[in-house]
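Chemist: Quick one: this structure, given as C-alpha cells, is what I'll be asking you about.
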Amino acid sequence: MTQQAIFAGGCFWCVEAVFNQIKGVEKATSGYINGTTEHPTYQEVCTGETGHAEAVKVEFDATVISYEKLLDIFFSIHNPTQLNHQGEDIGTQYRTGIYYLNEEQKQLANKKIAELQPHFSEKIVTEVRPAETFYPAEDYHQGYLLQNPQNSYCNLVATPKFLKAKVKFEEIWK
C-alpha cells in the first residue's frame, strides 16, 4: 500500500539521499512546497520571495515502513530547533517542516514533536502544516548527493548526515 509523506529539513539533497536508501521507500523526490508562486524554479525559491520550502516527497510502502519510522528518520537528520536554516543554509526555504496529507499524519507529527521536545534544550520549530501543491525540483537536483559526492558542499554537510543516518538506521538501509 503506497502512501506519501512530505518533509523539509534544510537542503533537499541531504534529505532525499537518506530517504532513497531506506527499505520500503519507493521513491523520494526533491521539490518545493507551500509557497505562493506556481511552478517555481530553484533560482526563484532561493530568493526567499516565493515562500516555498525545499522539501522531499517520500513515496513509501506502509506495509514495509511506517510513517512513524519516517518521522524518526526525519528528526535524526536535521536540527528541528533551527528556524529558517540548517547549518550554513540560511533562508525561509530551508525551514523545517512536516506537510501532512491527512489528519492521521498531522496527529502523528504533533505527537512525535511532543515526545522529542524534552530531549532538546531549545524549542522545536518544525512547522506542521497541510501540504499544498508540491512542485518537483529540476531534474539536476534529483539524486544530487549520490551523483555528486565530490561536490564540496556534499563533502562538508550532506555526506556526514547521510553516513550518520546509514549507521543509525542500518537495519532498514537498502
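Ligands are numbered from 1 in the order shown, chains are lettered A, B, ... in the order of the C-alpha cells, and residues start at 1 in each chain.
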Give me, as a CSV table (one decimal) with N, CA, C and O atoms, in the first residue's frame, all polymer residues having an atom no more than 12 Å from Gln107 in chain A, counting only C-alpha atoms and skipping those fewer than 4 positions away in the same chain.
Modeler:
chain,number,residue,atom,x,y,z
A,67,TYR,N,4.9,5.4,8.8
A,67,TYR,CA,5.0,6.9,8.8
A,67,TYR,C,5.8,7.3,10.0
A,67,TYR,O,6.6,8.2,10.0
A,68,GLU,N,5.5,6.7,11.2
A,68,GLU,CA,6.2,7.0,12.4
A,68,GLU,C,7.7,6.8,12.3
A,68,GLU,O,8.5,7.6,12.8
A,71,LEU,N,9.2,9.5,10.4
A,71,LEU,CA,9.4,10.7,11.3
A,71,LEU,C,10.6,10.6,12.1
A,71,LEU,O,11.4,11.6,12.3
A,98,ILE,N,6.9,19.6,8.4
A,98,ILE,CA,6.2,18.4,8.0
A,98,ILE,C,4.9,18.8,7.4
A,98,ILE,O,4.1,19.6,8.0
A,99,TYR,N,4.7,18.4,6.2
A,99,TYR,CA,3.5,18.8,5.4
A,99,TYR,C,2.6,17.6,5.3
A,99,TYR,O,2.8,16.7,4.5
A,100,TYR,N,1.6,17.6,6.1
A,100,TYR,CA,0.7,16.4,6.2
A,100,TYR,C,-0.3,16.3,5.1
A,100,TYR,O,-0.8,17.4,4.6
A,101,LEU,N,-0.7,15.1,4.8
A,101,LEU,CA,-1.6,14.8,3.7
A,101,LEU,C,-3.0,14.3,4.3
A,101,LEU,O,-3.9,14.2,3.5
A,102,ASN,N,-3.0,14.1,5.6
A,102,ASN,CA,-4.3,13.7,6.2
A,102,ASN,C,-4.2,13.9,7.7
A,102,ASN,O,-3.1,14.3,8.2
A,103,GLU,N,-5.3,13.8,8.3
A,103,GLU,CA,-5.4,14.1,9.8
A,103,GLU,C,-4.5,13.2,10.6
A,103,GLU,O,-3.9,13.6,11.6
A,111,LYS,N,2.5,14.5,17.8
A,111,LYS,CA,2.8,13.6,18.8
A,111,LYS,C,4.3,13.4,18.9
A,111,LYS,O,4.9,13.4,20.0
A,112,LYS,N,5.0,13.2,17.7
A,112,LYS,CA,6.4,13.0,17.7
A,112,LYS,C,7.2,14.2,18.2
A,112,LYS,O,8.1,14.1,19.0
A,113,ILE,N,6.7,15.4,17.8
A,113,ILE,CA,7.3,16.6,18.3
A,113,ILE,C,7.2,16.7,19.9
A,113,ILE,O,8.2,17.0,20.5
A,114,ALA,N,6.0,16.4,20.4
A,114,ALA,CA,5.8,16.4,21.8
A,114,ALA,C,6.7,15.4,22.5
A,114,ALA,O,7.3,15.7,23.6
A,128,VAL,N,4.2,22.2,11.3
A,128,VAL,CA,3.3,21.1,10.9
A,128,VAL,C,2.1,21.8,10.2
A,128,VAL,O,1.3,22.4,10.9
A,129,ARG,N,2.1,21.6,8.9
A,129,ARG,CA,1.0,22.3,8.1
A,129,ARG,C,0.5,21.4,7.0
A,129,ARG,O,1.2,20.5,6.6
A,130,PRO,N,-0.7,21.7,6.6
A,130,PRO,CA,-1.3,20.9,5.5
A,130,PRO,C,-0.4,21.1,4.2
A,130,PRO,O,0.1,22.2,4.0
Chemist: Would you give me, as CSV, each residue of range 91-163 of chain A having an atom within 10 Å of an atom of range 4-13 of chain A, along with its shortest atom pair and that distance in Å to one decimal, using only C-alpha atoms and sorting by chain and residue number?
Modeler:
residue,atom,partner,partner_atom,distance
A:Gly91,CA,A:Gly10,CA,9.3
A:Thr92,CA,A:Gly10,CA,9.4
A:Gln93,CA,A:Gly10,CA,7.6
A:Tyr94,CA,A:Gly10,CA,4.2
A:Arg95,CA,A:Gly10,CA,6.1
A:Thr96,CA,A:Gly9,CA,4.5
A:Gly97,CA,A:Ala8,CA,4.8
A:Ile98,CA,A:Phe7,CA,4.8
A:Tyr99,CA,A:Ile6,CA,5.3
A:Tyr100,CA,A:Ile6,CA,6.8
A:Leu101,CA,A:Ala5,CA,7.1
A:Asn102,CA,A:Ala5,CA,9.8
A:Gln105,CA,A:Ala5,CA,8.2
A:Thr126,CA,A:Gly9,CA,8.6
A:Glu127,CA,A:Ala8,CA,9.3
A:Val128,CA,A:Phe7,CA,9.6
A:Pro130,CA,A:Ile6,CA,9.9
A:Ala131,CA,A:Ile6,CA,7.6
A:Phe134,CA,A:Ile6,CA,8.7
A:Ala137,CA,A:Phe12,CA,9.5
A:His141,CA,A:Trp13,CA,7.1
A:Gln142,CA,A:Trp13,CA,7.7
A:Gly143,CA,A:Trp13,CA,7.1
A:Tyr144,CA,A:Trp13,CA,5.9
A:Leu145,CA,A:Trp13,CA,5.7
A:Leu146,CA,A:Trp13,CA,8.9
A:Cys154,CA,A:Trp13,CA,8.5
A:Val157,CA,A:Cys11,CA,9.5
A:Ala158,CA,A:Trp13,CA,7.3
A:Thr159,CA,A:Trp13,CA,10.0
A:Phe162,CA,A:Trp13,CA,10.0
Chemist: Could you list, as a compact mmCIF listing (two decimals) with C-alpha atoms, in the first residue's frame, every residue within 12 Å of His39 in chain A, counting only C-alpha atoms and ignoring same-chain residues fewer than 6 positions away?
Modeler:
# COMPACT_ATOMS: atom_id res chain seq x y z
CA GLY A 31 10.93 19.74 -4.69
CA TYR A 32 9.25 22.85 -3.39
CA ILE A 33 6.14 23.18 -1.23
CA VAL A 45 12.95 29.71 -4.40
CA THR A 50 8.20 32.60 -3.20
CA HIS A 52 8.39 27.72 -0.69
CA THR A 133 0.99 21.92 -4.08
CA PHE A 134 4.31 20.07 -4.28
CA TYR A 135 6.42 21.00 -7.30
CA PRO A 136 9.25 18.61 -8.20
CA ALA A 137 12.60 20.36 -8.43
CA GLU A 138 14.55 20.48 -11.65
Chemist: Under the rule that only C-alpha atoms are counted, which of A:Ile22, A:Ala17, A:Ile124, A:Val58 is the nearest residue to Pro149 in chain A?
Modeler: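 Residue with the minimum atom-to-atom distance to Pro149 in chain A: A:Ala17.
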Chemist: Set the distance at 7 Å and use only C-alpha atoms: which residues neighbour Gly51 in chain A once local chain neighbours fewer than 5 positions away are removed? I'd like the list as a ChimeraX atom specification.
Modeler: /A:34-36,93
Chemist: Just the selected residues (N, CA and C atoms), exported as a PDB file, in the first residue's frame, please.
Modeler:
ATOM      1  N   ASN A  34       4.461  24.654  -0.374  1.00  0.00           N
ATOM      2  CA  ASN A  34       3.815  25.668   0.458  1.00  0.00           C
ATOM      3  C   ASN A  34       4.338  27.079   0.214  1.00  0.00           C
ATOM      4  N   GLY A  35       4.364  27.450  -1.045  1.00  0.00           N
ATOM      5  CA  GLY A  35       4.729  28.811  -1.417  1.00  0.00           C
ATOM      6  C   GLY A  35       3.610  29.471  -2.203  1.00  0.00           C
ATOM      7  N   THR A  36       3.913  30.631  -2.753  1.00  0.00           N
ATOM      8  CA  THR A  36       2.888  31.414  -3.445  1.00  0.00           C
ATOM      9  C   THR A  36       3.039  31.429  -4.963  1.00  0.00           C
ATOM     10  N   GLN A  93      13.484  29.141   2.842  1.00  0.00           N
ATOM     11  CA  GLN A  93      13.369  27.928   2.031  1.00  0.00           C
ATOM     12  C   GLN A  93      14.019  26.724   2.704  1.00  0.00           C
TER      13      GLN A  93
END
Chemist: Near Lys174 in chain A, counting only C-alpha atoms, which residues have an atom at most 9 Å away, once you skip same-chain residues fewer than 4 positions from it, shown as a list of chain:residue names?
Modeler: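 In the requested format, the answer is A:Asn20, A:Gln21, A:Ile22, A:Lys23, A:Gly24, A:Glu170.
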Chemist: As an MDAnalysis selection string, please: every residue in chain A that a backbone DSSP assignment puts in strand (DSSP E).
Modeler: chainID A and resid 2:9 25:33 53:61 85:86 89:90 96:100 127:130 134:136
Chemist: So that I can check the secondary structure, give me every residue of range 26-92 of chain A assigned alpha helix (DSSP H) by backbone DSSP, as a list of chain:residue names.
Modeler: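 DSSP-assigned alpha helix (DSSP H) residues in range 26-92 of chain A: A:Tyr42, A:Gln43, A:Glu44, A:Val45, A:Cys46, A:Tyr67, A:Glu68, A:Lys69, A:Leu70, A:Leu71, A:Asp72, A:Ile73, A:Phe74, A:Phe75, A:Ser76.
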Chemist: What does the file look like for those residues with N, CA and C atoms, as a PDB file, in the first residue's frame?
Modeler:
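The new file out_28.pdb reads:
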ATOM      1  N   TYR A  42      14.352  26.817  -9.019  1.00  0.00           N
ATOM      2  CA  TYR A  42      15.307  26.845  -7.912  1.00  0.00           C
ATOM      3  C   TYR A  42      15.790  28.271  -7.653  1.00  0.00           C
ATOM      4  N   GLN A  43      16.078  28.994  -8.720  1.00  0.00           N
ATOM      5  CA  GLN A  43      16.558  30.366  -8.569  1.00  0.00           C
ATOM      6  C   GLN A  43      15.512  31.243  -7.876  1.00  0.00           C
ATOM      7  N   GLU A  44      14.239  31.048  -8.200  1.00  0.00           N
ATOM      8  CA  GLU A  44      13.174  31.826  -7.556  1.00  0.00           C
ATOM      9  C   GLU A  44      13.039  31.454  -6.083  1.00  0.00           C
ATOM     10  N   VAL A  45      13.081  30.167  -5.785  1.00  0.00           N
ATOM     11  CA  VAL A  45      12.948  29.715  -4.397  1.00  0.00           C
ATOM     12  C   VAL A  45      14.106  30.240  -3.558  1.00  0.00           C
ATOM     13  N   CYS A  46      15.302  30.267  -4.130  1.00  0.00           N
ATOM     14  CA  CYS A  46      16.487  30.731  -3.398  1.00  0.00           C
ATOM     15  C   CYS A  46      16.406  32.205  -3.004  1.00  0.00           C
ATOM     16  N   TYR A  67       4.855   5.444   8.769  1.00  0.00           N
ATOM     17  CA  TYR A  67       5.014   6.898   8.777  1.00  0.00           C
ATOM     18  C   TYR A  67       5.770   7.321  10.038  1.00  0.00           C
ATOM     19  N   GLU A  68       5.490   6.660  11.154  1.00  0.00           N
ATOM     20  CA  GLU A  68       6.175   6.983  12.404  1.00  0.00           C
ATOM     21  C   GLU A  68       7.684   6.759  12.285  1.00  0.00           C
ATOM     22  N   LYS A  69       8.099   5.695  11.608  1.00  0.00           N
ATOM     23  CA  LYS A  69       9.533   5.433  11.415  1.00  0.00           C
ATOM     24  C   LYS A  69      10.143   6.495  10.499  1.00  0.00           C
ATOM     25  N   LEU A  70       9.398   6.928   9.505  1.00  0.00           N
ATOM     26  CA  LEU A  70       9.880   8.009   8.638  1.00  0.00           C
ATOM     27  C   LEU A  70      10.080   9.285   9.452  1.00  0.00           C
ATOM     28  N   LEU A  71       9.191   9.542  10.396  1.00  0.00           N
ATOM     29  CA  LEU A  71       9.357  10.705  11.282  1.00  0.00           C
ATOM     30  C   LEU A  71      10.644  10.570  12.103  1.00  0.00           C
ATOM     31  N   ASP A  72      10.922   9.371  12.613  1.00  0.00           N
ATOM     32  CA  ASP A  72      12.162   9.150  13.373  1.00  0.00           C
ATOM     33  C   ASP A  72      13.380   9.471  12.515  1.00  0.00           C
ATOM     34  N   ILE A  73      13.362   9.002  11.285  1.00  0.00           N
ATOM     35  CA  ILE A  73      14.482   9.262  10.370  1.00  0.00           C
ATOM     36  C   ILE A  73      14.603  10.754  10.117  1.00  0.00           C
ATOM     37  N   PHE A  74      13.487  11.394   9.799  1.00  0.00           N
ATOM     38  CA  PHE A  74      13.482  12.831   9.515  1.00  0.00           C
ATOM     39  C   PHE A  74      14.096  13.634  10.658  1.00  0.00           C
ATOM     40  N   PHE A  75      13.680  13.356  11.875  1.00  0.00           N
ATOM     41  CA  PHE A  75      14.188  14.133  13.010  1.00  0.00           C
ATOM     42  C   PHE A  75      15.643  13.805  13.344  1.00  0.00           C
ATOM     43  N   SER A  76      16.145  12.680  12.865  1.00  0.00           N
ATOM     44  CA  SER A  76      17.542  12.333  13.140  1.00  0.00           C
ATOM     45  C   SER A  76      18.521  12.972  12.157  1.00  0.00           C
TER      46      SER A  76
END
